[in-house]
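Novice: First the structure, then my questions, so here it is.
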Amino acid sequence: MKKEHTHENAKKFGMVIDLDKCTGCGACMVACMAENNVPFKKDESEKLDSITWIRVYKLTNGKSFPDTEICYLPKPCMHCSGIGEHGHSPCVSVCPATATDYDHTTGIVSQIYTRCFGCRYCMAACPYHARYFNWWDPVWPEGMEKSLNPDVSPRMRGVVEKCSFCFHRYQAAMDKAYTEGRRELEEDEYQTACTQACPAGAITFGDLNNPDHKVHELKKSPNAFRLLERLKTNPKVYYLSSRDWVRKAGDNYLEAENKVKKK
Amino acid sequence: MKLNRRNFLSLGVGVVAGTTLSPLPWKLMDDVSIWSQNWPWTPLPPDGEVTFEKSVCTLCPGGCGITVRKIDDRAVKIEGIEDHPVNDGGVCLLGLSGLQLLYGPTRIKSPLKRVGERGEGKWQTISWNQALTEVAAKLGELRSNDRSHTVACISGSDQGTVPGLLNRFLAAYGSPNYICTPSIHDSYEIALSLMHGGRSSAGFDVENTDFVLSFGSGIIDGWMSPVRMIKANSIWKNENSKVVQIEPRLSNTAAKSDTWVPIKPGTDAALALGLAHVIIKESLYDKDFVENYAFDFNAFKTIVLESFAPDDVAKITGVDKKTILSLAKQFAGASKPLAICGRGQGKTPGSIDEVAAVHALNALVGNINKPGGVWAVSQPDYIKWPEVQMDAVASSGMKRDRVDGAGSEKFSNANYLLNRWVGAVNSSDESPVQALFITDADPCYTLSDTFAVKKAFDKIPFVVSFSSNINETALNADLILPSHAFLERYEDVPLSAGLTKSVIALSKPVVKPQFNTKHVGDAIIEIAKKLGGSIEEAFPWDDYETCLKATLGDKWDALVENGYGADPDFGVPAWEGAFATASMKFEFLGVARVRSGEKDVQAKHLFTPVMIEGNEKSYPITLMPYDSLRLANGSIGDPPFAIKTVEDTVLKHKDVFIEMNPETAEAYDISEGDYAVLNTPKGKARVKIHLFDGIMPGLVAMPTGLGHTGPDEYLAGKGINFNELIGPVEDADFGLDAVWAIRANLTKA
């Protein structure tokens with residue numbers, strides 16, 4: 001394990017989402033559902049038990065008409081690296097079954113459904129609500145199971161699931177590269193389903209460690225921020241917004257918080 | 001051994017101790033858990049060879065290029081074609097859910113004949129031969145009674161070979177009643193024909209503009225071609241182009257714009273004319289265009305200067321004078337400014353005054369037929385079929401007046417007037433339509449005043465639907481002849497939704513037909529053959545595919561390979577020779593002159609507010625619809641994936657929320673999540689309240705796309721169909737439905 005930390009070819013896949021471009025259209029959500037065999041129920045308006053690996057949130061600046069502003073914020077799993085890139089993401093640290101693990105070669109936080117026994121510690125630990133529990137077995141209406149993607153196994157009742165950065169696409173791309181005698185991937189060979197579908201081109205995905213990848217520069221933008229940075233979860237999903245109130249909202253900024261006296 | 005109490009207890013203890021210590025129960029429990037884990041809790045999708053097939057998405061008129069990922073013969077994912085002229089790799093959420101429509105339970109699996117009451121949903125499965133024979137028999141009967149003109153067809157489009165075949169069929173059969181579903185394109189077509197001359201559709205060069213002035217167009221909420229518009233929006237962000245959104249509600253488009261200008265709803269045309277006033281007064285207009293290519297600038301100038309001064313316009317629109325001055329200067333000062341209109345997704349034609357006034361702004365700055373501007377794009381003419389040889393019945397039928405009055409003396413500019421068609425059927429004792437065919441449309445859901453539409457349908461004795469998925473109209477049909485679904489059939493799709501290129505796409509059978517369906521083109525050809533005579537002779541093809549291949553000719557191979565073909569010779573049109581009006585020049589007052597009866601044009605002919613239904617006293621609130629990409633509101637409703645993305649402040653369980661300003665809510669003593677009853681002159685609905693600061697006080701807004709009665713439990717019964725609460729408002733001079741809202745009252749429930 002220790003050795004892997006300093007592996008010179010270690011990737012750190014991450015995302016930069018430009019909130020100035022995101023229109024809140026919802027294509028990322030459906031692209032993800034279709035790619036990852038995400039189940040659906042007859043009524044999905046109870047959002048607490050609705051499974052969406054990437055969910056678009058609507059933020060408002062709280063001002064009254066006509067000074068109101070809206071910003072949409074798509075939120076996948078943050079694939080937290082933890083302090084010092086040690087992979088101690090909140091969920092990995094608490095999983096008693098090693099059903100979720102940090103992959104030091106890619107920086108991706110995995111979810112292994114066959115190991116998960118549904119204790120949901122990880123859901124409690126995740127500060128981003130990025131994890132979802134299968135309260136029921138998935139049911140596809142007759143005939144619709146034909147559209148299921150064989151690269152991602154459908155999940156059963158009683159397990160937790162979440163965004164995998166479309167890890168199966170990484171595996172497929174690596175398989176292809178190996179058969180062609182390569183060990184490295186081009187930037188466009190591995191892209192997540194949401195990135196590919198986004199009509200606005202608001203999502204950029206790549207290796208944060210690789211200076212040739214677009215995300216490497218984008219994350220340094222003065223408009224870049226991450227969600228709840230103060231928790232030191234070290235997420236790999238960055239956001240860009242030119243609006244001050246959006247950047248503040250990203251850190252759960254509370255108006256009264258600086259007024260509270262420290263003991 | 002005698003069984004006494006002592007022995008009995010010892011035995012009991014022995015059994016407990018024995019089983020506890022024995023490995024057997026633990027072993028069994030272990031086995032059971034392993035065994036039960038292997039039960040088929042979830043389906044196991046079979047693996048296989050991966051291939052990609054290019055086609056076009058026809059779930060909306062946008063025309064995105066798609067590439068479908070297949071595993072053996074299963075389609076598993078829809079993705080966008082990179083570098084496609086419309087969507088360049090992107091796809092919207094409806095397109096991404098397309099496979100749920102292909103494989104889902106809403107598909108109609110074979111020809112069906114109604115056995116219960118209309119709309120009851122009781123069907124009998126019949127053979128294709130029986131279905132087509134019944135249609136042919138009915139048509140033959142009407143024709144032999146000299147009533148061929150009472151056959152009508154409602155379609156979602158009039159472009160391409162399938163609408164072409166339907167039109168051809170009606171011509172050979174003897175009926176002028178081919179009707180398309182309404183949209184903002186109708187208004188643009190009429191405005192362009194009067195201002196530019198000739199028949200063309202409006203193309204918007206959104207990729208190259210540097211200043212967008214949008215009068216309520218939901219640019220990123222599904223206007224024209226949704227993915228292309230969202231891409232353009234990102235280009236504008238990159239290039240620092242400015243977007244001004246004028247509408248009373250903070251839509252997603254307004255939220256993404258640089259400046260949001262809330263306006264008193266229904267007064268957009270006045271604001272456009274106010275901006276024209278400033279541009280003319282300050283001499284900011286394009287002199288070259290106005291002097292050399294416009295016919296009636298001086299007349300336009302006189303009216304605009306006299307009647308649309310910023311002070312007056314500010315009173316009408318509620319937009320202050322400073323903003324009007326600044327918008328006009330910004331617009332005229334930009335190098336490639338573009339003014340557009342069409343409320344929301346442009347699903348209703350709206351006010352033609354608005355289109356004319358907004359288009360006049362483009363003309364003033366000379367941004368017509370230029371990069372970054374509005375182009376008059378002529379329709380593709382690749383369909384070269386021999387003229388139909390009409391027999392006596394057909395020629396006399398074709399000479400009859402259209403049921404909807406389009407093209408008549410009164411509405412000579414209109415092509416189709418479906419709103420009037422409904423009225424015409426309802427106001428006659430015997431329906432002027434005796435047989436109706438519907439394809440690629442769901443008028444029983446999408447037309448305003450659903451109740452009147454259903455009533456009209458009830459009066460039509462024979463209704464045939466070609467729908468491949470169950471929808472409201474198919475539920476109200478007598479016969480359903482299901483067509484192949486969009487990923488199962490060949491069809492040419494000329495793209496016209498605001499595109500500034502000439503592109504034909506080809507829909508392809510990505511998978512083989514899953515059910516006992518038949519291509520609508522084949523159904524028409526077979527019905528024609530059954531009718532015989534000159535009708536049969538009008539269809540010299542064996543089947544639809546032969547017809548399509550012959551029509552596309554040498555384009556065929558490239559279309560199969562790429563999924564689309566763009567005309568390489570199509571470039572930026574010019575000013576010289578571009579106008580085909582009587583003056584051969586651009587006519588600012590083309591629309592107004594028709595309104596004035598070709599007499600003295602006055603200010604009221606440029607802008608007269610469209611009065612909405614309901615008096616202010618009994619209905620103090622204005623109810624407007626709003627469109628969202630997450631709620632498909634056309635002939636196709638939301639598939640399960642799409643409805644899943646709808647927020648819980650829009651739909652919760654079966655209840656729809658209406659948006660209301662907290663200030664309005666306070667007056668009604670209503671809070672977030674409360675139930676209320678909404679009454680309009682047309683209908684009544686129980687709704688929930690969502691407080692939203694981004695909506696103008698006094699207005700409430702309701703989403704479109706909900707309230708379906710079918711097709712499945714994922715969509716049916718959720719929310720209210722907005723069209724049940726609103727009725728059409730006919731434009732007196734053009735016949736189009738100009739409605740934009742309705743008045744309502746609200747009581748806390």
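Scheme for the structure tokens: letters A, B, ... for chains in order shown; per-chain residue numbers from 1; ligand numbers from 1 in order shown.
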If you run DSSP on this backbone, which residues of stretch 15-178 of chain A come out as strand (DSSP E), and could you give them as a VMD selection string?

Specialist: chain A and resid 15 to 18 55 to 60 70 to 75 102 to 103 108 to 109 131 to 133 160 to 162

Novice: Write out as JSON lines a residue-level contact list of chain A versus chain B with cut-off 8 Å: for each qualifying residue the closest pair of atoms and the distance in Å to one decimal, counting only C-alpha atoms, rows sorted by chain and residue number upward.

Specialist:
{"residue": "A:Asp20", "atom": "CA", "partner": "B:Lys256", "partner_atom": "CA", "distance": 7.4}
{"residue": "A:Lys21", "atom": "CA", "partner": "B:Ser234", "partner_atom": "CA", "distance": 5.6}
{"residue": "A:Thr23", "atom": "CA", "partner": "B:Asn252", "partner_atom": "CA", "distance": 6.7}
{"residue": "A:Gly24", "atom": "CA", "partner": "B:Asn252", "partner_atom": "CA", "distance": 7.5}
{"residue": "A:Cys25", "atom": "CA", "partner": "B:Leu629", "partner_atom": "CA", "distance": 5.9}
{"residue": "A:Gly26", "atom": "CA", "partner": "B:Leu93", "partner_atom": "CA", "distance": 6.2}
{"residue": "A:Ala27", "atom": "CA", "partner": "B:Leu93", "partner_atom": "CA", "distance": 4.2}
{"residue": "A:Cys28", "atom": "CA", "partner": "B:Leu93", "partner_atom": "CA", "distance": 7.6}
{"residue": "A:Met29", "atom": "CA", "partner": "B:Thr645", "partner_atom": "CA", "distance": 7.2}
{"residue": "A:Val30", "atom": "CA", "partner": "B:Leu93", "partner_atom": "CA", "distance": 5.6}
{"residue": "A:Ala31", "atom": "CA", "partner": "B:Leu96", "partner_atom": "CA", "distance": 6.0}
{"residue": "A:Met33", "atom": "CA", "partner": "B:Phe641", "partner_atom": "CA", "distance": 7.3}
{"residue": "A:Ala34", "atom": "CA", "partner": "B:Lys77", "partner_atom": "CA", "distance": 6.5}
{"residue": "A:Glu35", "atom": "CA", "partner": "B:Lys77", "partner_atom": "CA", "distance": 6.7}
{"residue": "A:Phe40", "atom": "CA", "partner": "B:Pro640", "partner_atom": "CA", "distance": 6.9}
{"residue": "A:Lys41", "atom": "CA", "partner": "B:Tyr714", "partner_atom": "CA", "distance": 7.5}
{"residue": "A:Lys42", "atom": "CA", "partner": "B:Tyr714", "partner_atom": "CA", "distance": 4.6}
{"residue": "A:Asp43", "atom": "CA", "partner": "B:His653", "partner_atom": "CA", "distance": 6.4}
{"residue": "A:Glu44", "atom": "CA", "partner": "B:Lys644", "partner_atom": "CA", "distance": 5.4}
{"residue": "A:Ser45", "atom": "CA", "partner": "B:Lys652", "partner_atom": "CA", "distance": 5.1}
{"residue": "A:Glu46", "atom": "CA", "partner": "B:Lys652", "partner_atom": "CA", "distance": 7.2}
{"residue": "A:Lys47", "atom": "CA", "partner": "B:Asp648", "partner_atom": "CA", "distance": 7.0}
{"residue": "A:Gly62", "atom": "CA", "partner": "B:Asp693", "partner_atom": "CA", "distance": 7.8}
{"residue": "A:Lys63", "atom": "CA", "partner": "B:Asp693", "partner_atom": "CA", "distance": 7.1}
{"residue": "A:Ser64", "atom": "CA", "partner": "B:Asp693", "partner_atom": "CA", "distance": 5.0}
{"residue": "A:Phe65", "atom": "CA", "partner": "B:Asp693", "partner_atom": "CA", "distance": 5.2}
{"residue": "A:Pro66", "atom": "CA", "partner": "B:Gly694", "partner_atom": "CA", "distance": 6.5}
{"residue": "A:Asp67", "atom": "CA", "partner": "B:Gly694", "partner_atom": "CA", "distance": 7.9}
{"residue": "A:Thr68", "atom": "CA", "partner": "B:Gly694", "partner_atom": "CA", "distance": 5.5}
{"residue": "A:Glu69", "atom": "CA", "partner": "B:Ala255", "partner_atom": "CA", "distance": 6.1}
{"residue": "A:Ile70", "atom": "CA", "partner": "B:Ala255", "partner_atom": "CA", "distance": 5.6}
{"residue": "A:Cys71", "atom": "CA", "partner": "B:Ala255", "partner_atom": "CA", "distance": 7.3}
{"residue": "A:Asp137", "atom": "CA", "partner": "B:Trp41", "partner_atom": "CA", "distance": 6.8}
{"residue": "A:Pro138", "atom": "CA", "partner": "B:Thr42", "partner_atom": "CA", "distance": 6.8}
{"residue": "A:Pro141", "atom": "CA", "partner": "B:Pro105", "partner_atom": "CA", "distance": 6.5}
{"residue": "A:Glu142", "atom": "CA", "partner": "B:Pro105", "partner_atom": "CA", "distance": 6.5}
{"residue": "A:Gly143", "atom": "CA", "partner": "B:Tyr103", "partner_atom": "CA", "distance": 5.5}
{"residue": "A:Met144", "atom": "CA", "partner": "B:Tyr103", "partner_atom": "CA", "distance": 4.9}
{"residue": "A:Glu145", "atom": "CA", "partner": "B:Pro43", "partner_atom": "CA", "distance": 7.3}
{"residue": "A:Lys146", "atom": "CA", "partner": "B:Arg74", "partner_atom": "CA", "distance": 6.2}
{"residue": "A:Ser147", "atom": "CA", "partner": "B:Val76", "partner_atom": "CA", "distance": 4.3}
{"residue": "A:Leu148", "atom": "CA", "partner": "B:Val76", "partner_atom": "CA", "distance": 5.8}
{"residue": "A:Asn149", "atom": "CA", "partner": "B:Val76", "partner_atom": "CA", "distance": 5.6}
{"residue": "A:Pro150", "atom": "CA", "partner": "B:Pro45", "partner_atom": "CA", "distance": 4.9}
{"residue": "A:Asp151", "atom": "CA", "partner": "B:Asp47", "partner_atom": "CA", "distance": 7.8}
{"residue": "A:Ser153", "atom": "CA", "partner": "B:Leu44", "partner_atom": "CA", "distance": 7.1}
{"residue": "A:Pro154", "atom": "CA", "partner": "B:Thr42", "partner_atom": "CA", "distance": 6.1}
{"residue": "A:Arg155", "atom": "CA", "partner": "B:Thr42", "partner_atom": "CA", "distance": 6.7}
{"residue": "A:Met156", "atom": "CA", "partner": "B:Thr42", "partner_atom": "CA", "distance": 6.0}
{"residue": "A:Gln196", "atom": "CA", "partner": "B:Gly90", "partner_atom": "CA", "distance": 6.9}
{"residue": "A:Ala197", "atom": "CA", "partner": "B:Gly90", "partner_atom": "CA", "distance": 4.8}
{"residue": "A:Cys198", "atom": "CA", "partner": "B:Gly90", "partner_atom": "CA", "distance": 5.6}
{"residue": "A:Pro199", "atom": "CA", "partner": "B:Gly90", "partner_atom": "CA", "distance": 4.2}
{"residue": "A:Ala200", "atom": "CA", "partner": "B:Lys231", "partner_atom": "CA", "distance": 5.0}
{"residue": "A:Gly201", "atom": "CA", "partner": "B:Ser234", "partner_atom": "CA", "distance": 7.2}
{"residue": "A:Ala202", "atom": "CA", "partner": "B:Ser234", "partner_atom": "CA", "distance": 7.9}

Novice: Please provide as a list in words all residues within 6 Å of stretch 501-505 of chain B, with the sequence filter that same-chain residues fewer than 5 positions apart are discarded (counting only C-alpha atoms).

Specialist: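 The residues that qualify are Asp492, Val493, Pro494, Leu495, Gly563, Tyr564, Gly565, Ala566 and Asp567 of chain B.
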
Novice: Write out as a list in words which residues come within 12 Å of B:Ala676 when counting only C-alpha atoms, dropping same-chain ones fewer than 5 positions away.

Specialist: Asp655, Val656, Phe657, Ile658, Glu659, Met660, Ala665, Tyr668, Asp669, Ile670, Ser671, Lys684, Ala685, Arg686, Val687, Lys688, Ile689, His690, Asn745, Leu746, Thr747, Lys748 and Ala749 of chain B

Novice: So that I can see what lies close to A:Cys32, please list as a list in words the residues with an atom at most 10 Å from it, counting only C-alpha atoms and leaving out residues fewer than 6 positions away in the same chain.

Specialist: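 Everything that qualifies: Val38, Thr52, Trp53, Ile54, Arg55, Pro76, Cys163, Phe165, Cys166, Thr192, Ala193, Cys194, Thr195 and Ala197 of chain A; Leu96 of chain B.
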
Novice: Write out as a list in words which residues come within 8 Å of B:Val403 when counting only C-alpha atoms, dropping same-chain ones fewer than 5 positions away.

Specialist: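 The residues satisfying every condition are Asn177, Trp421, Ala424, Val425, Pro432 and Val433 of chain B.
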
Novice: Quick one: write out the picked residues with C-alpha atoms as an mmCIF file, in the first residue's frame?

Specialist:
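Contents of the output file selection04.cif:
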data_model
loop_
_atom_site.group_PDB
_atom_site.id
_atom_site.type_symbol
_atom_site.label_atom_id
_atom_site.label_comp_id
_atom_site.auth_asym_id
_atom_site.auth_seq_id
_atom_site.Cartn_x
_atom_site.Cartn_y
_atom_site.Cartn_z
ATOM 1 C CA ASN B 177 -57.172 18.657 -45.061
ATOM 2 C CA TRP B 421 -59.997 23.124 -36.954
ATOM 3 C CA ALA B 424 -64.928 24.076 -36.850
ATOM 4 C CA VAL B 425 -65.582 20.463 -35.898
ATOM 5 C CA PRO B 432 -66.882 18.165 -41.379
ATOM 6 C CA VAL B 433 -64.284 15.500 -40.638
#

Novice: Using only C-alpha atoms, which of the listed residues (B:Val206, B:Val135, B:Leu418, B:Leu305) sits closest to B:Gly735?

Specialist: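 Using only C-alpha atoms, the shortest distance to B:Gly735 belongs to B:Leu418.
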
Novice: Residues within 9 Å of A:Cys122, please, as a ChimeraX atom specification. Count only C-alpha atoms; anything in the same chain fewer than 4 positions from it doesn't count.

Specialist: /A:90-95,100,126,131,160

Novice: Please compute the atom CA of B:Leu112-atom CA of B:Thr133 distance, one decimal, in Å.

Specialist: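 Computing the Euclidean distance for atom CA of B:Leu112 and atom CA of B:Thr133 yields 13.3 Å.
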
Novice: Taking the chain letters and numbering used in this document, name the residues of stretch 440-537 of chain B that DSSP puts in helix (DSSP H, G or I), as a ChimeraX atom specification.

Specialist: /B:443-446,450-459,472-475,520-531,533-537

Novice: Kindly save the residues from that selection, with C-alpha atoms included, as a PDB file, in the first residue's frame.

Specialist:
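In the end it all went to again.pdb:
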ATOM      1  CA  PRO B 443     -53.438  16.765 -30.149  1.00  0.00           C
ATOM      2  CA  CYS B 444     -55.602  15.360 -27.344  1.00  0.00           C
ATOM      3  CA  TYR B 445     -52.773  16.235 -24.969  1.00  0.00           C
ATOM      4  CA  THR B 446     -50.821  19.090 -26.562  1.00  0.00           C
ATOM      5  CA  THR B 450     -58.175  19.662 -23.926  1.00  0.00           C
ATOM      6  CA  PHE B 451     -61.884  19.340 -23.224  1.00  0.00           C
ATOM      7  CA  ALA B 452     -62.866  20.947 -26.543  1.00  0.00           C
ATOM      8  CA  VAL B 453     -60.356  18.802 -28.414  1.00  0.00           C
ATOM      9  CA  LYS B 454     -61.787  15.619 -26.890  1.00  0.00           C
ATOM     10  CA  LYS B 455     -65.278  16.826 -27.784  1.00  0.00           C
ATOM     11  CA  ALA B 456     -64.180  17.314 -31.384  1.00  0.00           C
ATOM     12  CA  PHE B 457     -62.713  13.833 -31.441  1.00  0.00           C
ATOM     13  CA  ASP B 458     -65.975  12.425 -30.108  1.00  0.00           C
ATOM     14  CA  LYS B 459     -67.764  13.893 -33.124  1.00  0.00           C
ATOM     15  CA  GLU B 472     -53.781  10.398 -25.181  1.00  0.00           C
ATOM     16  CA  THR B 473     -54.758  10.620 -28.849  1.00  0.00           C
ATOM     17  CA  ALA B 474     -54.129   6.929 -29.496  1.00  0.00           C
ATOM     18  CA  LEU B 475     -56.328   6.182 -26.476  1.00  0.00           C
ATOM     19  CA  VAL B 520     -46.391   4.315 -41.477  1.00  0.00           C
ATOM     20  CA  GLY B 521     -45.055   4.803 -45.023  1.00  0.00           C
ATOM     21  CA  ASP B 522     -45.747   1.160 -45.830  1.00  0.00           C
ATOM     22  CA  ALA B 523     -49.206   1.394 -44.281  1.00  0.00           C
ATOM     23  CA  ILE B 524     -50.079   4.333 -46.563  1.00  0.00           C
ATOM     24  CA  ILE B 525     -48.755   2.612 -49.670  1.00  0.00           C
ATOM     25  CA  GLU B 526     -50.712  -0.540 -48.838  1.00  0.00           C
ATOM     26  CA  ILE B 527     -53.932   1.378 -48.182  1.00  0.00           C
ATOM     27  CA  ALA B 528     -53.466   3.165 -51.532  1.00  0.00           C
ATOM     28  CA  LYS B 529     -53.022  -0.173 -53.268  1.00  0.00           C
ATOM     29  CA  LYS B 530     -56.186  -1.492 -51.654  1.00  0.00           C
ATOM     30  CA  LEU B 531     -58.123   1.548 -52.871  1.00  0.00           C
ATOM     31  CA  GLY B 533     -57.358   3.271 -59.425  1.00  0.00           C
ATOM     32  CA  SER B 534     -55.603   6.612 -59.621  1.00  0.00           C
ATOM     33  CA  ILE B 535     -54.805   6.429 -55.919  1.00  0.00           C
ATOM     34  CA  GLU B 536     -52.822   3.244 -56.394  1.00  0.00           C
ATOM     35  CA  GLU B 537     -51.137   4.735 -59.449  1.00  0.00           C
TER      36      GLU B 537
END

Novice: Smallest atom-to-atom distance to A:Ala125: which of A:Asp188, A:Leu208, A:Leu231, A:Ser221, using only C-alpha atoms?

Specialist: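 With only C-alpha atoms as the atom set, the closest residue is A:Leu231.
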
Novice: Which is closest to A:Glu161 among A:Thr98, A:Asn234, A:Ser110, A:Thr204, if we use only C-alpha atoms?

Specialist: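 Once distances to A:Glu161 are computed over only C-alpha atoms, the minimum belongs to A:Ser110.
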